Amino acid sequence: MSTLVVVTNQCEHTMAQVIFYENPACAEHARQKALLRAAGHVIDVRDLLAEPWSVSSLRPFFAEKKINDWFDPSAPRIVAGEIDPETITPQGALVAMILDPSLIRGPLMRIGENCEAGFDPERVHGWIGLAAAPAPRPVAPPAVAAAPLGADPRVEVAK
């Protein structure tokens, strides 16, 4: 099997096969997938909410992150104060997420045995590489036709 290697911004990255667990209702995940595809990565999209999670399958995504960073701050149970990410134990957090995957901060990404939760573009670029974002194109001011010298500016000039 051949491997494609790309050099971006003086960093060498291999095109990755990314398992991308998303919340299908999250518009931000669509933008993140587009960034990965633009960098040449192959995306295997899976539904974060439908995945049959277990403690052993979910825990690797959070590595050394603080427990409150495991949670989606916009999840209804977080917003309602039903779950406090600042005080919950790691085991309690994992059990809560298995029972209610909407609590999980997505996307979750897996490449081989390497896992990541959330999408920090700088971190993802350092991990697998992202294409540089195109520079914004300048917006030209609207074209305004100049009236002939001495013409009344209130009168339209036929072209």
# chains A, B, ... in the order shown; residues from 1 in each chain; ligands from 1
>>> residues_around(residues="Gln17 in chain A", least_positions_apart="3", cutoff="7 Å", atoms="only C-alpha atoms", output="MDAnalysis selection string")
chainID A and resid 41:43 111
>>> write_last_selection(atoms="N, CA and C atoms", output="PDB file, in the first residue's frame")
ATOM      1  N   HIS A  41      -7.794  14.727   3.387  1.00  0.00           N
ATOM      2  CA  HIS A  41      -8.077  13.590   4.250  1.00  0.00           C
ATOM      3  C   HIS A  41      -9.364  12.892   3.812  1.00  0.00           C
ATOM      4  N   VAL A  42      -9.445  11.610   4.070  1.00  0.00           N
ATOM      5  CA  VAL A  42     -10.630  10.811   3.767  1.00  0.00           C
ATOM      6  C   VAL A  42     -11.442  10.732   5.057  1.00  0.00           C
ATOM      7  N   ILE A  43     -12.725  11.080   4.960  1.00  0.00           N
ATOM      8  CA  ILE A  43     -13.579  11.163   6.145  1.00  0.00           C
ATOM      9  C   ILE A  43     -14.592  10.021   6.134  1.00  0.00           C
ATOM     10  N   ILE A 111      -7.992   8.321  14.269  1.00  0.00           N
ATOM     11  CA  ILE A 111      -7.123   7.923  13.169  1.00  0.00           C
ATOM     12  C   ILE A 111      -6.271   6.800  13.735  1.00  0.00           C
TER      13      ILE A 111
END
>>> atom_distance(atom1="CA of Trp70 in chain A", atom2="CA of Arg105 in chain A")
5.6 Å
>>> residues_around(residues="Asp84 in chain A", least_positions_apart="6", cutoff="9 Å", atoms="only C-alpha atoms", output="MDAnalysis selection string")
chainID A and resid 68 77:78
>>> select_by_dssp(residues="range 36-93 of chain A", states="strand (DSSP E)", output="PyMOL selection string")
chain A and resi 42-47
>>> closest_residue(among="A:Pro107, A:Ile67, A:Ala117, A:His125", to="Cys26 in chain A", atoms="only C-alpha atoms")
A:Pro107
>>> residues_around(residues="Asp72 in chain A", least_positions_apart="2", cutoff="6 Å", atoms="only C-alpha atoms", output="VMD selection string")
chain A and resid 74 to 75 103 to 105
>>> residues_around(residues="Ala30 in chain A", least_positions_apart="2", cutoff="12 Å", atoms="only C-alpha atoms", output="PyMOL selection string")
chain A and resi 20-28+32-37+43+45+106-107+119
>>> atom_distance(atom1="CA of Glu116 in chain A", atom2="CA of Ser57 in chain A")
12.3 Å
>>> closest_residue(among="A:Lys65, A:Asn114, A:Met109, A:Pro73", to="Pro90 in chain A", atoms="only C-alpha atoms")
A:Lys65
>>> atom_distance(atom1="CA of Trp53 in chain A", atom2="CA of Pro101 in chain A")
8.3 Å
>>> closest_residue(among="A:Gly126, A:Gly118, A:Gly112, A:Ala39", to="Asp69 in chain A", atoms="only C-alpha atoms")
A:Gly118
>>> residues_around(residues="range 91-100 of chain A", least_positions_apart="2", cutoff="9 Å", atoms="only C-alpha atoms", output="NGL selection string")
:A and (49 or 52-55 or 58-59 or 67 or 70-71 or 83 or 85 or 88-89 or 102-104)
